[in-house]
Amino acid sequence: MDFNLSEQHLMLQDSIRNFAAKEVWPIAEEIDAEDKWPEGMWQKLGNLGIMGITVDEEYGGAGADLMSAVLVLEELSKSSPSIALSWGAHANLCANNLNHNASHEQKKKYLPPLCEGRHIGALGLTEPNAGSDAVNVQTVAVRKGDHYVVNGTKMFITNGPVADTIILYTKTAKEKGAKGITAFILDTKFPGFSVSKKLRKYGHRGSPTAELVLEDCRIPVENVMVGENRGIEVMMSGLDVERAFYAGEALGIAEACFELSVKYARERVQFGRPIGAFQLIQAKIADMYTYIEAGRMLCYRAAVFADKAKGGGKGTEVHKLSSASILFNAEMAARIADQAVQIHGGYGYMLEYPVQRFLRDAKLLEIGAGTSEIRRLIIAREILSM
Ligand SMILES: Cc1cc2nc3c(=O)[nH]c(=O)nc-3n(C[C@H](O)[C@H](O)[C@H](O)COP(=O)(O)OP(=O)(O)OC[C@H]3O[C@@H](n4cnc5c(N)ncnc54)[C@H](O)[C@@H]3O)c2cc1C
């Protein structure tokens, strides 16, 4: 058993850490304040060769493992969880999912521009009335000759306002429930697709989120992924990988808050001593360190498992483990970000100090990719075989 990262992983971690310190940290506060995606960032990320990090080289990707993707996400999140979230929706929810589930022809067509950073990817599952109950999607696709006519609304879609390619979940046989779901590759230029609203958020500002509308949207038959009524396979394997992956964002947020807190505890003087000399502050720092190390183990282990499993779903070890990883890391990040604000006192409540941004950003990790409640349900059902 070896708990160390490989040479390759360490080199990648180092290069993304340097990039984030130079290019991401300096603009993180501004994009949060203005809720604006930074022009040129996509190209800069593309130049790093990470837009299709886990995609096979044959389709323009880097052919790296999920662990590499987690390390990139963790490092980006330490500077800007917003940029990390958008990159993740593109590189994991969209490109990685296509790499696993799309046909050779589909991959040849859609993956190269995504991997080069010329196109932006997204995933459209959630609807206004289908969130935790994801298999209850109401968007309907009806086959008419060589295409499907799709009608429905998608909600809370990361990168929705700017996406070129969206993995879209629909119902093709409502009466079959989960077995009537079909996944499509949607080109946002298809007639009948529109962005109805860019949504305003209190965290992850700068990562654009949208409500999307499909009104008699025509999607060619060749854009069905895996097969008609087989969307549940795409959805379930994708969700397990997504949970293992996004735990890395929570870990990055917690680490950033820890580093800022240690620095502040050394510098801030009250009662003639740095506040780090007070045992109540020391206890918070010690707890942060301990929880982060526990979270890291779970996060990296789930990432390795999810990669080996090449998917997941009910009854697999990764189903339980990826839920446990994001459950623990998300709640840890929210708790640590809250404690970081506490250590910063009144200054922590001021917009000039980044800890409040991390606190607002951390909350999403307890909601997106299945809420904490749903993650607990999944873990318990797997353990109890129910
Ligand atoms: C900023 C942001 C970005 C997102 N990005 C994407 C994206 O890119 N693509 C995408 O498809 N979706 C995305 N989502 C959607 C996200 O996955 C959903 O918000 C999430 O799954 C929860 O669904 P909901 O918001 O409808 O909450 P609901 O399902 O309505 O849940 C409300 C509350 O009820 C609880 N609850 C529900 N069912 C149960 C139950 N059976 N037992 C106990 N408690 C329960 C929930 O845990 C929660 O506390 C995003 C959301 C946000 C906020």
# chains A, B, ... in the order shown; residues from 1 in each chain; ligands from 1
>>> residues_near_ligand(ligand="ligand 1", cutoff="8 Å", atoms="only C-alpha atoms and all ligand atoms", output="ChimeraX atom specification")
/A:89,93,122-134,154-160,201,203-204,209,364,367-374,377
>>> write_last_selection(atoms="N, CA and C atoms", output="mmCIF file, in the first residue's frame")
data_model
loop_
_atom_site.group_PDB
_atom_site.id
_atom_site.type_symbol
_atom_site.label_atom_id
_atom_site.label_comp_id
_atom_site.auth_asym_id
_atom_site.auth_seq_id
_atom_site.Cartn_x
_atom_site.Cartn_y
_atom_site.Cartn_z
ATOM 1 N N ALA A 89 -17.733 20.785 -15.005
ATOM 2 C CA ALA A 89 -18.938 20.463 -15.772
ATOM 3 C C ALA A 89 -18.562 20.147 -17.217
ATOM 4 N N LEU A 93 -18.454 16.160 -16.408
ATOM 5 C CA LEU A 93 -19.873 15.847 -16.659
ATOM 6 C C LEU A 93 -20.141 15.656 -18.145
ATOM 7 N N ALA A 122 -21.557 20.826 -21.125
ATOM 8 C CA ALA A 122 -22.440 20.892 -19.951
ATOM 9 C C ALA A 122 -23.250 19.608 -19.872
ATOM 10 N N LEU A 123 -23.980 19.469 -18.766
ATOM 11 C CA LEU A 123 -24.843 18.299 -18.582
ATOM 12 C C LEU A 123 -26.224 18.782 -18.139
ATOM 13 N N GLY A 124 -27.263 18.348 -18.858
ATOM 14 C CA GLY A 124 -28.623 18.803 -18.550
ATOM 15 C C GLY A 124 -29.486 17.664 -18.039
ATOM 16 N N LEU A 125 -29.529 17.529 -16.727
ATOM 17 C CA LEU A 125 -30.364 16.496 -16.106
ATOM 18 C C LEU A 125 -31.511 17.148 -15.324
ATOM 19 N N THR A 126 -31.186 18.011 -14.371
ATOM 20 C CA THR A 126 -32.169 18.581 -13.453
ATOM 21 C C THR A 126 -33.243 19.396 -14.186
ATOM 22 N N GLU A 127 -34.461 19.311 -13.671
ATOM 23 C CA GLU A 127 -35.590 20.091 -14.204
ATOM 24 C C GLU A 127 -36.277 20.816 -13.052
ATOM 25 N N PRO A 128 -37.155 21.762 -13.366
ATOM 26 C CA PRO A 128 -37.822 22.494 -12.278
ATOM 27 C C PRO A 128 -38.506 21.558 -11.279
ATOM 28 N N ASN A 129 -39.077 20.434 -11.763
ATOM 29 C CA ASN A 129 -39.770 19.507 -10.866
ATOM 30 C C ASN A 129 -39.108 18.139 -10.760
ATOM 31 N N ALA A 130 -37.874 18.041 -11.180
ATOM 32 C CA ALA A 130 -37.131 16.774 -11.056
ATOM 33 C C ALA A 130 -35.699 17.090 -10.647
ATOM 34 N N GLY A 131 -35.469 17.118 -9.333
ATOM 35 C CA GLY A 131 -34.126 17.378 -8.797
ATOM 36 C C GLY A 131 -33.568 16.101 -8.214
ATOM 37 N N SER A 132 -33.819 15.892 -6.900
ATOM 38 C CA SER A 132 -33.357 14.641 -6.260
ATOM 39 C C SER A 132 -33.987 13.436 -6.948
ATOM 40 N N ASP A 133 -35.230 13.589 -7.351
ATOM 41 C CA ASP A 133 -35.946 12.509 -8.052
ATOM 42 C C ASP A 133 -35.619 12.616 -9.542
ATOM 43 N N ALA A 134 -34.346 12.381 -9.856
ATOM 44 C CA ALA A 134 -33.848 12.665 -11.210
ATOM 45 C C ALA A 134 -34.493 11.784 -12.275
ATOM 46 N N LYS A 154 -34.962 22.545 -18.610
ATOM 47 C CA LYS A 154 -33.879 22.088 -17.731
ATOM 48 C C LYS A 154 -33.499 23.229 -16.780
ATOM 49 N N MET A 155 -33.162 22.873 -15.560
ATOM 50 C CA MET A 155 -32.937 23.884 -14.516
ATOM 51 C C MET A 155 -31.552 23.755 -13.900
ATOM 52 N N PHE A 156 -30.975 24.871 -13.497
ATOM 53 C CA PHE A 156 -29.687 24.922 -12.757
ATOM 54 C C PHE A 156 -28.524 24.328 -13.555
ATOM 55 N N ILE A 157 -28.465 24.549 -14.854
ATOM 56 C CA ILE A 157 -27.430 23.880 -15.648
ATOM 57 C C ILE A 157 -26.138 24.711 -15.705
ATOM 58 N N THR A 158 -25.092 24.155 -15.094
ATOM 59 C CA THR A 158 -23.780 24.822 -15.087
ATOM 60 C C THR A 158 -23.261 24.930 -16.520
ATOM 61 N N ASN A 159 -22.765 26.098 -16.870
ATOM 62 C CA ASN A 159 -22.278 26.439 -18.223
ATOM 63 C C ASN A 159 -23.427 26.564 -19.228
ATOM 64 N N GLY A 160 -24.664 26.400 -18.775
ATOM 65 C CA GLY A 160 -25.817 26.467 -19.683
ATOM 66 C C GLY A 160 -25.832 27.685 -20.596
ATOM 67 N N LYS A 201 -26.916 33.737 -8.379
ATOM 68 C CA LYS A 201 -26.599 32.850 -7.256
ATOM 69 C C LYS A 201 -25.844 33.606 -6.170
ATOM 70 N N GLY A 203 -23.399 32.007 -4.436
ATOM 71 C CA GLY A 203 -22.052 31.460 -4.472
ATOM 72 C C GLY A 203 -21.722 31.008 -5.881
ATOM 73 N N HIS A 204 -20.459 30.596 -6.070
ATOM 74 C CA HIS A 204 -20.022 30.179 -7.397
ATOM 75 C C HIS A 204 -20.388 31.213 -8.448
ATOM 76 N N THR A 209 -24.877 29.742 -14.693
ATOM 77 C CA THR A 209 -25.898 28.700 -14.475
ATOM 78 C C THR A 209 -27.171 29.141 -15.188
ATOM 79 N N LEU A 364 -22.741 24.913 -1.989
ATOM 80 C CA LEU A 364 -23.255 24.188 -3.166
ATOM 81 C C LEU A 364 -22.878 22.710 -3.158
ATOM 82 N N ILE A 367 -25.323 20.348 -2.066
ATOM 83 C CA ILE A 367 -26.587 20.327 -2.832
ATOM 84 C C ILE A 367 -26.426 19.663 -4.206
ATOM 85 N N GLY A 368 -25.419 20.119 -4.973
ATOM 86 C CA GLY A 368 -25.250 19.630 -6.347
ATOM 87 C C GLY A 368 -24.720 18.200 -6.370
ATOM 88 N N ALA A 369 -24.946 17.502 -7.476
ATOM 89 C CA ALA A 369 -24.532 16.088 -7.635
ATOM 90 C C ALA A 369 -25.213 15.217 -6.587
ATOM 91 N N GLY A 370 -26.459 15.527 -6.261
ATOM 92 C CA GLY A 370 -27.197 14.791 -5.223
ATOM 93 C C GLY A 370 -26.937 15.446 -3.882
ATOM 94 N N THR A 371 -27.989 15.731 -3.138
ATOM 95 C CA THR A 371 -27.825 16.437 -1.857
ATOM 96 C C THR A 371 -27.227 15.504 -0.794
ATOM 97 N N SER A 372 -26.859 16.098 0.349
ATOM 98 C CA SER A 372 -26.326 15.283 1.466
ATOM 99 C C SER A 372 -27.341 14.218 1.870
ATOM 100 N N GLU A 373 -28.632 14.595 1.837
ATOM 101 C CA GLU A 373 -29.676 13.627 2.231
ATOM 102 C C GLU A 373 -29.682 12.432 1.269
ATOM 103 N N ILE A 374 -29.634 12.720 -0.020
ATOM 104 C CA ILE A 374 -29.664 11.640 -1.022
ATOM 105 C C ILE A 374 -28.401 10.779 -0.908
ATOM 106 N N LEU A 377 -28.918 8.421 1.853
ATOM 107 C CA LEU A 377 -29.871 7.368 1.451
ATOM 108 C C LEU A 377 -29.166 6.300 0.618
#
>>> residues_around(residues="A:Leu114", least_positions_apart="2", cutoff="10 Å", atoms="only C-alpha atoms", output="list of chain:residue names")
A:Gly46, A:Met51, A:Gly52, A:Val55, A:Tyr59, A:Gly60, A:Gly61, A:His90, A:Ala91, A:Cys94, A:Ala95, A:Lys109, A:Tyr110, A:Leu111, A:Pro112, A:Glu116, A:Gly117, A:Arg118, A:His119, A:Ile120, A:Gly121, A:Asp164, A:Thr165
>>> write_last_selection(atoms="C-alpha atoms", output="PDB file, in the first residue's frame")
ATOM      1  CA  GLY A  46      -7.233  24.792 -22.966  1.00  0.00           C
ATOM      2  CA  MET A  51     -10.061  20.316 -21.214  1.00  0.00           C
ATOM      3  CA  GLY A  52     -10.303  16.646 -22.100  1.00  0.00           C
ATOM      4  CA  VAL A  55     -10.582  11.623 -22.683  1.00  0.00           C
ATOM      5  CA  TYR A  59     -10.176  11.911 -29.588  1.00  0.00           C
ATOM      6  CA  GLY A  60      -7.863  14.754 -28.592  1.00  0.00           C
ATOM      7  CA  GLY A  61      -7.793  14.148 -24.836  1.00  0.00           C
ATOM      8  CA  HIS A  90     -17.106  20.663 -19.086  1.00  0.00           C
ATOM      9  CA  ALA A  91     -14.286  18.156 -18.538  1.00  0.00           C
ATOM     10  CA  CYS A  94     -19.689  16.326 -20.422  1.00  0.00           C
ATOM     11  CA  ALA A  95     -16.378  15.234 -22.006  1.00  0.00           C
ATOM     12  CA  LYS A 109     -17.431  14.503 -33.987  1.00  0.00           C
ATOM     13  CA  TYR A 110     -17.930  16.036 -30.538  1.00  0.00           C
ATOM     14  CA  LEU A 111     -14.817  15.393 -28.439  1.00  0.00           C
ATOM     15  CA  PRO A 112     -11.974  17.133 -30.367  1.00  0.00           C
ATOM     16  CA  GLU A 116      -9.177  21.817 -27.478  1.00  0.00           C
ATOM     17  CA  GLY A 117     -11.300  24.257 -25.497  1.00  0.00           C
ATOM     18  CA  ARG A 118     -12.989  25.579 -28.647  1.00  0.00           C
ATOM     19  CA  HIS A 119     -16.331  24.248 -27.417  1.00  0.00           C
ATOM     20  CA  ILE A 120     -17.856  24.358 -23.927  1.00  0.00           C
ATOM     21  CA  GLY A 121     -19.596  21.336 -22.446  1.00  0.00           C
ATOM     22  CA  ASP A 164     -21.985  24.303 -27.235  1.00  0.00           C
ATOM     23  CA  THR A 165     -22.524  20.633 -26.356  1.00  0.00           C
TER      24      THR A 165
END
>>> select_by_dssp(residues="stretch 138-305 of chain A", states="helix (DSSP H, G or I)", output="PyMOL selection string")
chain A and resi 174-180+221-223+231-267+275-277+279-305
>>> residues_around(residues="A:Arg296", least_positions_apart="3", cutoff="9 Å", atoms="only C-alpha atoms", output="PyMOL selection string")
chain A and resi 247-248+251+291-293+299-301+325+329
>>> write_last_selection(atoms="C-alpha atoms", output="compact mmCIF listing (two decimals), in the first residue's frame")
# COMPACT_ATOMS: atom_id res chain seq x y z
CA ALA A 247 -15.41 15.71 -3.74
CA GLY A 248 -12.11 17.18 -4.98
CA LEU A 251 -11.35 19.29 -0.55
CA TYR A 291 -10.69 16.56 8.83
CA ILE A 292 -8.85 17.59 5.66
CA GLU A 293 -6.47 14.63 5.90
CA CYS A 299 -11.53 11.54 -1.94
CA TYR A 300 -8.44 10.00 -3.54
CA ARG A 301 -9.57 6.44 -2.75
CA SER A 325 -16.56 10.79 -0.34
CA ASN A 329 -15.87 16.34 1.93
>>> atom_distance(atom1="atom CA of A:Lys107", atom2="atom CA of A:Ser77")
28.4 Å
>>> residues_around(residues="A:Val70", least_positions_apart="4", cutoff="12 Å", atoms="only C-alpha atoms", output="count of residues only")
41
>>> select_by_dssp(residues="stretch 60-220 of chain A", states="strand (DSSP E)", output="ChimeraX atom specification")
/A:121-124,140-144,147-158,165-171,181-187,193-198,209-220
>>> write_last_selection(atoms="N, CA and C atoms", output="compact mmCIF listing (two decimals), in the first residue's frame")
# COMPACT_ATOMS: atom_id res chain seq x y z
N GLY A 121 -18.68 22.44 -22.72
CA GLY A 121 -19.60 21.34 -22.45
C GLY A 121 -20.41 21.54 -21.18
N ALA A 122 -21.56 20.83 -21.12
CA ALA A 122 -22.44 20.89 -19.95
C ALA A 122 -23.25 19.61 -19.87
N LEU A 123 -23.98 19.47 -18.77
CA LEU A 123 -24.84 18.30 -18.58
C LEU A 123 -26.22 18.78 -18.14
N GLY A 124 -27.26 18.35 -18.86
CA GLY A 124 -28.62 18.80 -18.55
C GLY A 124 -29.49 17.66 -18.04
N VAL A 140 -39.68 15.55 -22.85
CA VAL A 140 -40.14 14.43 -23.69
C VAL A 140 -39.47 14.49 -25.06
N ALA A 141 -39.02 13.33 -25.53
CA ALA A 141 -38.47 13.22 -26.88
C ALA A 141 -39.31 12.23 -27.68
N VAL A 142 -39.84 12.69 -28.80
CA VAL A 142 -40.70 11.83 -29.62
C VAL A 142 -40.03 11.64 -30.99
N ARG A 143 -39.88 10.40 -31.38
CA ARG A 143 -39.20 10.14 -32.66
C ARG A 143 -40.12 10.47 -33.84
N LYS A 144 -39.53 11.23 -34.79
CA LYS A 144 -40.24 11.55 -36.04
C LYS A 144 -39.26 11.29 -37.18
N HIS A 147 -35.19 12.04 -36.83
CA HIS A 147 -34.84 12.90 -35.69
C HIS A 147 -35.89 12.76 -34.58
N TYR A 148 -35.56 13.31 -33.42
CA TYR A 148 -36.51 13.36 -32.29
C TYR A 148 -36.95 14.81 -32.10
N VAL A 149 -38.20 14.98 -31.70
CA VAL A 149 -38.69 16.31 -31.35
C VAL A 149 -38.75 16.38 -29.83
N VAL A 150 -38.01 17.33 -29.27
CA VAL A 150 -37.83 17.38 -27.81
C VAL A 150 -38.48 18.63 -27.24
N ASN A 151 -39.25 18.43 -26.15
CA ASN A 151 -39.89 19.55 -25.46
C ASN A 151 -39.68 19.41 -23.95
N GLY A 152 -39.31 20.52 -23.31
CA GLY A 152 -39.13 20.48 -21.86
C GLY A 152 -38.26 21.63 -21.36
N THR A 153 -38.02 21.64 -20.05
CA THR A 153 -37.21 22.70 -19.43
C THR A 153 -36.16 22.06 -18.53
N LYS A 154 -34.96 22.54 -18.61
CA LYS A 154 -33.88 22.09 -17.73
C LYS A 154 -33.50 23.23 -16.78
N MET A 155 -33.16 22.87 -15.56
CA MET A 155 -32.94 23.88 -14.52
C MET A 155 -31.55 23.75 -13.90
N PHE A 156 -30.98 24.87 -13.50
CA PHE A 156 -29.69 24.92 -12.76
C PHE A 156 -28.52 24.33 -13.56
N ILE A 157 -28.46 24.55 -14.85
CA ILE A 157 -27.43 23.88 -15.65
C ILE A 157 -26.14 24.71 -15.70
N THR A 158 -25.09 24.16 -15.09
CA THR A 158 -23.78 24.82 -15.09
C THR A 158 -23.26 24.93 -16.52
N THR A 165 -22.13 22.04 -26.35
CA THR A 165 -22.52 20.63 -26.36
C THR A 165 -23.08 20.26 -24.99
N ILE A 166 -24.29 19.70 -24.97
CA ILE A 166 -24.91 19.34 -23.69
C ILE A 166 -25.38 17.89 -23.74
N ILE A 167 -25.04 17.14 -22.71
CA ILE A 167 -25.63 15.80 -22.58
C ILE A 167 -27.00 16.00 -21.95
N LEU A 168 -28.02 15.59 -22.68
CA LEU A 168 -29.39 15.92 -22.30
C LEU A 168 -30.18 14.66 -21.99
N TYR A 169 -30.84 14.66 -20.83
CA TYR A 169 -31.67 13.50 -20.45
C TYR A 169 -33.13 13.81 -20.72
N THR A 170 -33.80 12.84 -21.37
CA THR A 170 -35.21 13.01 -21.73
C THR A 170 -35.97 11.72 -21.41
N LYS A 171 -37.30 11.81 -21.57
CA LYS A 171 -38.13 10.60 -21.49
C LYS A 171 -38.60 10.25 -22.90
N ILE A 181 -35.86 6.41 -20.06
CA ILE A 181 -35.01 7.62 -20.20
C ILE A 181 -34.04 7.43 -21.36
N THR A 182 -33.88 8.48 -22.16
CA THR A 182 -32.89 8.45 -23.25
C THR A 182 -31.96 9.65 -23.13
N ALA A 183 -30.67 9.40 -23.28
CA ALA A 183 -29.67 10.49 -23.24
C ALA A 183 -29.30 10.88 -24.66
N PHE A 184 -29.22 12.19 -24.88
CA PHE A 184 -28.85 12.72 -26.20
C PHE A 184 -27.61 13.60 -26.11
N ILE A 185 -26.93 13.73 -27.24
CA ILE A 185 -25.90 14.77 -27.35
C ILE A 185 -26.58 15.94 -28.07
N LEU A 186 -26.71 17.03 -27.34
CA LEU A 186 -27.39 18.20 -27.90
C LEU A 186 -26.37 19.24 -28.34
N ASP A 187 -26.46 19.63 -29.61
CA ASP A 187 -25.67 20.77 -30.10
C ASP A 187 -26.57 21.98 -29.88
N PHE A 193 -33.67 25.10 -29.37
CA PHE A 193 -32.99 25.20 -28.08
C PHE A 193 -32.81 26.67 -27.73
N SER A 194 -33.06 27.04 -26.47
CA SER A 194 -32.75 28.41 -26.05
C SER A 194 -32.42 28.46 -24.55
N VAL A 195 -31.68 29.50 -24.20
CA VAL A 195 -31.38 29.77 -22.78
C VAL A 195 -32.45 30.75 -22.32
N SER A 196 -33.34 30.30 -21.43
CA SER A 196 -34.44 31.19 -21.05
C SER A 196 -34.03 32.17 -19.96
N LYS A 197 -33.06 31.76 -19.13
CA LYS A 197 -32.69 32.65 -18.02
C LYS A 197 -31.29 32.32 -17.52
N LYS A 198 -30.46 33.34 -17.34
CA LYS A 198 -29.21 33.13 -16.60
C LYS A 198 -29.56 33.36 -15.14
N THR A 209 -24.88 29.74 -14.69
CA THR A 209 -25.90 28.70 -14.47
C THR A 209 -27.17 29.14 -15.19
N ALA A 210 -27.88 28.20 -15.82
CA ALA A 210 -29.05 28.63 -16.59
C ALA A 210 -30.25 27.71 -16.49
N GLU A 211 -31.39 28.31 -16.82
CA GLU A 211 -32.58 27.53 -17.13
C GLU A 211 -32.61 27.43 -18.66
N LEU A 212 -32.82 26.23 -19.16
CA LEU A 212 -32.81 26.01 -20.61
C LEU A 212 -34.17 25.53 -21.07
N VAL A 213 -34.55 25.95 -22.28
CA VAL A 213 -35.85 25.51 -22.81
C VAL A 213 -35.67 24.79 -24.14
N LEU A 214 -36.41 23.69 -24.29
CA LEU A 214 -36.42 22.94 -25.55
C LEU A 214 -37.84 23.00 -26.07
N GLU A 215 -37.98 23.66 -27.20
CA GLU A 215 -39.31 23.86 -27.76
C GLU A 215 -39.32 23.29 -29.17
N ASP A 216 -39.91 22.10 -29.31
CA ASP A 216 -39.86 21.38 -30.60
C ASP A 216 -38.42 21.34 -31.12
N CYS A 217 -37.50 21.09 -30.23
CA CYS A 217 -36.08 21.04 -30.60
C CYS A 217 -35.82 19.73 -31.36
N ARG A 218 -35.19 19.86 -32.52
CA ARG A 218 -34.97 18.67 -33.37
C ARG A 218 -33.56 18.13 -33.14
N ILE A 219 -33.50 16.90 -32.62
CA ILE A 219 -32.20 16.25 -32.39
C ILE A 219 -32.11 15.01 -33.29
N PRO A 220 -31.07 14.93 -34.14
CA PRO A 220 -30.96 13.78 -35.05
C PRO A 220 -30.85 12.46 -34.29
